[in-house]
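Participant: My file is my_file.txt. It has compact mmCIF, C-alpha atoms:
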```txt
# COMPACT_ATOMS: atom_id res chain seq x y z
CA MET A 1 0.00 0.00 0.00
CA VAL A 2 1.16 3.52 -0.80
CA ALA A 3 0.94 5.57 2.39
CA ARG A 4 -1.31 8.63 2.31
CA SER A 5 1.61 10.78 3.47
CA GLU A 6 3.57 9.68 0.41
CA ILE A 7 0.77 10.64 -1.96
CA GLY A 8 0.15 14.20 -0.85
CA VAL A 9 -3.17 15.98 -0.52
CA GLY A 10 -3.37 17.72 -3.90
CA VAL A 11 -5.60 16.46 -6.71
CA LEU A 12 -2.65 16.22 -9.10
CA ALA A 13 -0.62 14.17 -6.62
CA ARG A 14 -3.50 11.76 -6.11
CA ALA A 15 -4.10 11.47 -9.85
CA VAL A 16 -0.44 10.59 -10.41
CA ALA A 17 -0.64 8.00 -7.62
CA ILE A 18 -3.63 6.39 -9.34
CA LEU A 19 -1.74 6.32 -12.65
CA ASP A 20 1.26 4.70 -10.95
CA VAL A 21 -0.94 1.93 -9.54
CA VAL A 22 -3.02 1.08 -12.62
CA GLU A 23 0.01 1.18 -14.89
CA SER A 24 1.28 -1.99 -13.24
CA SER A 25 -1.98 -3.47 -12.00
CA PRO A 26 -5.38 -2.43 -13.37
CA MET A 27 -8.05 -2.52 -10.65
CA GLY A 28 -11.45 -1.25 -9.59
CA ALA A 29 -12.21 1.77 -7.42
CA SER A 30 -12.49 -0.22 -4.18
CA ASP A 31 -9.09 -1.87 -4.64
CA LEU A 32 -7.58 1.48 -5.66
CA ALA A 33 -8.94 3.13 -2.54
CA ARG A 34 -7.43 0.43 -0.33
CA GLU A 35 -4.11 0.50 -2.19
CA LEU A 36 -3.80 4.27 -1.83
CA ASP A 37 -5.43 4.57 1.61
CA LEU A 38 -8.01 7.00 0.27
CA SER A 39 -11.78 7.08 0.73
CA LEU A 40 -13.81 5.19 -1.85
CA SER A 41 -15.82 8.30 -2.76
CA THR A 42 -12.68 10.38 -3.36
CA THR A 43 -11.03 7.63 -5.40
CA TYR A 44 -14.09 6.95 -7.51
CA ARG A 45 -14.74 10.64 -8.20
CA LEU A 46 -11.15 11.32 -9.22
CA ALA A 47 -10.85 8.17 -11.34
CA THR A 48 -14.11 8.98 -13.12
CA ASP A 49 -12.89 12.49 -13.92
CA MET A 50 -9.65 11.00 -15.24
CA VAL A 51 -11.67 8.76 -17.57
CA LYS A 52 -13.43 11.84 -18.96
CA HIS A 53 -10.05 13.39 -19.79
CA GLY A 54 -8.67 10.22 -21.37
CA LEU A 55 -6.11 9.61 -18.60
CA LEU A 56 -7.85 6.38 -17.57
CA ARG A 57 -10.25 4.00 -19.24
CA LYS A 58 -12.68 1.66 -17.54
CA ASP A 59 -13.59 -1.84 -18.70
CA GLN A 60 -16.96 -3.58 -18.35
CA GLU A 61 -15.89 -5.14 -15.06
CA GLY A 62 -15.15 -1.74 -13.55
CA ARG A 63 -11.36 -1.96 -13.63
CA PHE A 64 -9.33 1.13 -14.46
CA TYR A 65 -6.44 1.10 -16.95
CA LEU A 66 -4.17 3.75 -18.38
CA GLY A 67 -6.25 5.82 -20.77
CA GLN A 68 -6.13 6.35 -24.49
CA ARG A 69 -4.46 9.76 -24.01
CA PHE A 70 -1.16 7.96 -23.37
CA VAL A 71 -1.66 5.82 -26.46
CA THR A 72 -2.34 8.78 -28.75
CA THR A 73 0.81 10.50 -27.51
CA ALA A 74 2.88 7.43 -28.41
CA LEU A 75 1.18 6.99 -31.78
CA SER A 76 3.11 9.79 -33.44
CA ASP A 77 6.27 7.70 -33.71
CA LEU A 78 4.49 4.39 -34.29
CA ALA A 79 2.48 5.78 -37.19
CA ILE A 80 5.34 7.15 -39.31
CA PRO A 81 6.18 3.91 -41.21
CA ALA A 82 2.52 3.38 -42.15
CA LEU A 83 2.06 7.04 -43.12
CA ARG A 84 5.22 7.00 -45.25
CA GLU A 85 4.03 3.89 -47.08
CA LEU A 86 0.57 5.41 -47.51
CA SER A 87 2.01 8.61 -48.96
CA GLU A 88 4.22 6.68 -51.37
CA THR A 89 1.30 4.48 -52.46
CA THR A 90 -1.16 7.33 -53.03
CA GLY A 91 1.28 10.07 -54.01
CA GLU A 92 -0.44 12.43 -51.55
CA SER A 93 0.21 13.76 -48.05
CA ALA A 94 -0.70 11.50 -45.12
CA GLN A 95 -1.36 12.46 -41.53
CA LEU A 96 -2.37 10.98 -38.20
CA TRP A 97 -4.87 13.06 -36.24
CA VAL A 98 -5.92 12.71 -32.60
CA ARG A 99 -8.64 14.46 -30.68
CA ARG A 100 -7.79 17.17 -28.18
CA GLY A 101 -10.94 18.56 -26.60
CA GLU A 102 -13.10 20.10 -29.31
CA SER A 103 -10.23 20.17 -31.81
CA ARG A 104 -8.08 17.68 -33.68
CA LEU A 105 -4.31 17.72 -33.51
CA CYS A 106 -1.92 16.57 -36.24
CA ALA A 107 0.28 14.07 -34.39
CA ALA A 108 2.31 12.85 -37.37
CA SER A 109 2.64 13.89 -41.00
CA VAL A 110 4.35 12.83 -44.22
CA ASP A 111 4.16 15.32 -47.09
CA SER A 112 3.55 14.46 -50.73
CA GLN A 113 6.49 14.90 -53.10
CA HIS A 114 4.33 16.87 -55.54
CA GLU A 115 5.07 20.58 -55.80
CA LEU A 116 1.36 21.26 -55.35
CA ARG A 117 0.30 19.47 -52.19
CA VAL A 118 -1.63 19.80 -48.94
CA ALA A 119 0.92 20.33 -46.17
CA LEU A 120 -0.27 20.05 -42.57
CA PRO A 121 2.67 20.13 -40.14
CA VAL A 122 2.75 18.32 -36.82
CA GLY A 123 1.07 20.44 -34.18
CA THR A 124 -1.63 21.82 -36.48
CA LEU A 125 -4.85 22.25 -34.48
CA VAL A 126 -8.18 22.33 -36.33
CA PRO A 127 -11.68 22.68 -34.81
CA LEU A 128 -13.97 19.65 -34.95
CA PRO A 129 -15.62 18.38 -37.03
CA GLN A 130 -14.05 20.05 -40.08
CA GLY A 131 -12.50 17.68 -42.63
CA SER A 132 -12.74 13.94 -43.00
CA SER A 133 -10.59 13.10 -39.97
CA GLY A 134 -12.57 15.62 -37.94
CA HIS A 135 -15.77 13.72 -38.68
CA VAL A 136 -14.09 10.44 -37.75
CA LEU A 137 -12.92 11.80 -34.39
CA SER A 138 -15.96 13.90 -33.48
CA GLY A 139 -18.47 11.10 -33.11
CA ASP A 140 -20.11 11.66 -36.50
CA TRP A 141 -18.64 8.32 -37.54
CA GLU A 142 -20.89 6.16 -35.34
CA ALA A 143 -23.96 8.08 -36.52
CA ASP A 144 -23.25 7.50 -40.22
CA SER A 145 -24.07 3.94 -41.26
CA GLU A 146 -22.52 4.43 -44.70
CA ALA A 147 -19.17 5.45 -43.21
CA VAL A 148 -19.19 2.55 -40.77
CA LYS A 149 -19.97 0.14 -43.62
CA SER A 150 -17.35 1.49 -46.02
CA GLY A 151 -14.61 2.04 -43.43
CA TRP A 152 -13.75 5.62 -44.43
CA TRP A 153 -15.01 9.20 -44.54
CA VAL A 154 -14.55 11.53 -47.51
CA SER A 155 -14.41 15.33 -47.42
CA VAL A 156 -14.18 17.62 -50.48
CA SER A 157 -13.63 21.40 -50.19
CA GLU A 158 -15.12 21.35 -46.70
CA ARG A 159 -12.37 23.03 -44.70
CA THR A 160 -10.20 24.39 -47.48
CA PRO A 161 -11.65 25.09 -50.96
CA GLY A 162 -9.92 23.01 -53.63
CA SER A 163 -8.66 20.31 -51.25
CA ALA A 164 -9.98 16.82 -50.59
CA SER A 165 -9.29 14.13 -48.01
CA ILE A 166 -10.24 10.63 -46.96
CA SER A 167 -9.80 9.26 -43.44
CA ALA A 168 -10.19 5.98 -41.55
CA PRO A 169 -10.35 5.37 -37.79
CA VAL A 170 -7.62 3.84 -35.66
CA ARG A 171 -9.18 1.85 -32.84
CA ARG A 172 -8.02 0.46 -29.53
CA HIS A 173 -10.27 -1.72 -27.41
CA GLY A 174 -13.06 -0.82 -29.81
CA GLU A 175 -12.67 2.91 -29.22
CA ILE A 176 -11.57 5.37 -31.93
CA VAL A 177 -8.29 6.92 -30.71
CA ALA A 178 -6.98 8.47 -33.93
CA ALA A 179 -7.68 8.97 -37.63
CA VAL A 180 -5.43 8.28 -40.60
CA CYS A 181 -5.90 10.82 -43.37
CA VAL A 182 -4.79 11.23 -46.99
CA SER A 183 -5.19 14.76 -48.32
CA GLY A 184 -4.39 16.57 -51.54
CA PRO A 185 -5.68 18.90 -54.26
CA GLU A 186 -9.23 18.07 -55.30
CA GLY A 187 -8.35 17.96 -58.99
CA ARG A 188 -5.63 15.35 -58.54
CA MET A 189 -7.44 13.29 -55.89
CA GLY A 190 -10.37 12.64 -58.21
CA LYS A 191 -14.08 12.50 -57.53
CA ASN A 192 -14.36 8.96 -56.17
CA LEU A 193 -11.87 8.92 -53.31
CA GLY A 194 -13.43 5.88 -51.69
CA ALA A 195 -12.90 3.69 -54.73
CA SER A 196 -9.37 4.92 -55.42
CA LEU A 197 -7.93 5.40 -51.90
CA GLY A 198 -10.30 3.72 -49.46
CA ARG A 199 -8.48 0.39 -49.18
CA ALA A 200 -5.10 2.05 -48.76
CA VAL A 201 -6.16 4.38 -45.95
CA VAL A 202 -7.98 1.59 -44.10
CA ALA A 203 -4.96 -0.69 -44.45
CA ALA A 204 -2.72 2.02 -42.97
CA ALA A 205 -5.10 2.42 -40.02
CA ARG A 206 -5.02 -1.34 -39.36
CA GLN A 207 -1.21 -1.33 -39.59
CA ILE A 208 -1.01 1.39 -36.94
CA GLU A 209 -3.46 -0.47 -34.70
CA LYS A 210 -1.24 -3.55 -34.80
CA SER A 211 1.81 -1.50 -33.83
CA VAL A 212 0.28 -0.31 -30.54
CA PRO A 213 1.46 -2.43 -27.58
CA GLY A 214 -1.27 -4.12 -25.55
CA ASP A 215 -1.99 -3.45 -21.88
```
Step by step, read the file and then write its structure as C-alpha cells.
Facilitator:
Amino acid sequence: MVARSEIGVGVLARAVAILDVVESSPMGASDLARELDLSLSTTYRLATDMVKHGLLRKDQEGRFYLGQRFVTTALSDLAIPALRELSETTGESAQLWVRRGESRLCAASVDSQHELRVALPVGTLVPLPQGSSGHVLSGDWEADSEAVKSGWWVSVSERTPGSASISAPVRRHGEIVAAVCVSGPEGRMGKNLGASLGRAVVAAARQIEKSVPGD
C-alpha cells in the first residue's frame, strides 16, 4: 500500500498516484482506494474524472487502466512507417490526427512529393468536425451507417476550398483513438476517393493499430 503521506493531498498528486498503480496493475475503485489509503468516494470521483479526460479508461468489469491519451501521444512515432508507405502508395500527403478537446491535432505527418500538395505540419490544431478526420474523431462516424460500412469518410472542399481528403479510424479496445488521413488537391485526388484510396487508408489504419502495444 502507498501511504497517504507519500501521496500528498493535492488532486494532481492523487491522480499521479492512481496512474502509478493502474500502470502496473489495473483494478477497480475499491481496490484502488485500499491501495492508496483514500476514501472510496474520493477515489471513484477522481478516477471517473480521469476517464473523462482520457487519462484512464474503464472496462466492463469496472477496472481502471491507463487511458487512451497515453496511447495517442505514443502513436506519433508508431504511425510514421505506415504514413510514409501510404504517402508513397497514393502520391499524396498523409497524416495521423488525434482528438484534443473540441479540436483535432496533427500528431504525425508525411508530405507528398508533388510541388502542389496539402501540407499540414505536426502540431496543427483544427476545430472539430471540419475535414474527413474531424468527422471520424468527433463522433459523427458512429452516426453514419454508410461510413461505418465502407470504413472511411470523404471530405471535399469542406475546410479548405480546392482540397480533398479521406480518413479511416484507428481503434483500440473498440474505441476510436486516432484517424489516418490522406489529403491533396481536389483535382488530382479525383471525384471517387473511396474507390481509389479507401483500401489504402484503411490498411494504414489497421497497420497502426497492430503497432500499438497491448496493456
Participant: May I ask which of the residues A:Ala108, A:Ala179, A:Ala94, A:Leu125 is the closest one to Trp141 in chain A, counting all atoms listed in the file?
Facilitator: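 Comparing A:Ala108, A:Ala179, A:Ala94, A:Leu125 against Trp141 in chain A, the winner is A:Ala179.
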Participant: Give me the residues within 12 Å of Asp140 in chain A as a ChimeraX atom specification, counting all atoms listed in the file and dropping any in the same chain fewer than 3 places off.
Facilitator: /A:128-137,143-148,152-153,169,176
Participant: Write the residues you've just listed into a file as a PDB file, in the coordinates of the input, and include C-alpha atoms for each of them.
Facilitator:
```pdb
ATOM      1  CA  LEU A 128     -13.970  19.650 -34.950  1.00  0.00           C
ATOM      2  CA  PRO A 129     -15.620  18.380 -37.030  1.00  0.00           C
ATOM      3  CA  GLN A 130     -14.050  20.050 -40.080  1.00  0.00           C
ATOM      4  CA  GLY A 131     -12.500  17.680 -42.630  1.00  0.00           C
ATOM      5  CA  SER A 132     -12.740  13.940 -43.000  1.00  0.00           C
ATOM      6  CA  SER A 133     -10.590  13.100 -39.970  1.00  0.00           C
ATOM      7  CA  GLY A 134     -12.570  15.620 -37.940  1.00  0.00           C
ATOM      8  CA  HIS A 135     -15.770  13.720 -38.680  1.00  0.00           C
ATOM      9  CA  VAL A 136     -14.090  10.440 -37.750  1.00  0.00           C
ATOM     10  CA  LEU A 137     -12.920  11.800 -34.390  1.00  0.00           C
ATOM     11  CA  ALA A 143     -23.960   8.080 -36.520  1.00  0.00           C
ATOM     12  CA  ASP A 144     -23.250   7.500 -40.220  1.00  0.00           C
ATOM     13  CA  SER A 145     -24.070   3.940 -41.260  1.00  0.00           C
ATOM     14  CA  GLU A 146     -22.520   4.430 -44.700  1.00  0.00           C
ATOM     15  CA  ALA A 147     -19.170   5.450 -43.210  1.00  0.00           C
ATOM     16  CA  VAL A 148     -19.190   2.550 -40.770  1.00  0.00           C
ATOM     17  CA  TRP A 152     -13.750   5.620 -44.430  1.00  0.00           C
ATOM     18  CA  TRP A 153     -15.010   9.200 -44.540  1.00  0.00           C
ATOM     19  CA  PRO A 169     -10.350   5.370 -37.790  1.00  0.00           C
ATOM     20  CA  ILE A 176     -11.570   5.370 -31.930  1.00  0.00           C
TER      21      ILE A 176
END
```
Participant: Considering only C-alpha atoms, return as a PyMOL selection string whatever protein or nucleic-acid residues lie within 7 Å of Ser112 in chain A, sequence-local ones (same chain, fewer than 6 positions apart) excluded.
Facilitator: chain A and resi 87+91-93
Participant: Point out the residue among A:Arg188, A:Asp111, A:Gln68, A:Pro127 with the least atom-to-atom distance to Val170 in chain A, counting all atoms listed in the file.
Facilitator: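 Comparing A:Arg188, A:Asp111, A:Gln68, A:Pro127 against Val170 in chain A, the winner is A:Gln68.
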Participant: Val21 in chain A: which residues within 10 Å, counting all atoms listed in the file, same-chain residues fewer than 4 positions away excluded, as a count of residues only?
Facilitator: 13
Participant: Hey, which of A:Arg100, A:Arg84, A:His114, A:Lys149 ends up closest to Cys181 in chain A? Count all atoms listed in the file.
Facilitator: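 Going through A:Arg100, A:Arg84, A:His114, A:Lys149 one by one, the smallest distance to Cys181 in chain A is for A:Arg84.
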Participant: Taking a cut-off of 7 Å and counting only C-alpha atoms, can you build a table that, for each residue of range 62-138 of chain A near range 193-214 of chain A, reports the nearest atom pair and how far apart they are in Å (one decimal), sorted by chain then residue number, as a tab-separated table?
Facilitator:
```
residue	atom	partner	partner_atom	distance
A:Leu78	CA	A:Ser211	CA	6.5
A:Ala79	CA	A:Ile208	CA	5.6
A:Ala82	CA	A:Ala204	CA	5.5
A:Leu83	CA	A:Ala204	CA	6.9
A:Leu86	CA	A:Ala204	CA	6.6
```
Participant: Interatomic distance between CA of Val22 in chain A and CA of Gly101 in chain A?
Facilitator: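 Calculated distance between CA of Val22 in chain A and CA of Gly101 in chain A is 23.7 Å.
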Participant: Enter the distance from CA of Val118 in chain A to CA of Glu158 in chain A, in Å, rounded to one decimal.
Facilitator: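 Answer for the CA of Val118 in chain A to CA of Glu158 in chain A separation: 13.8 Å.
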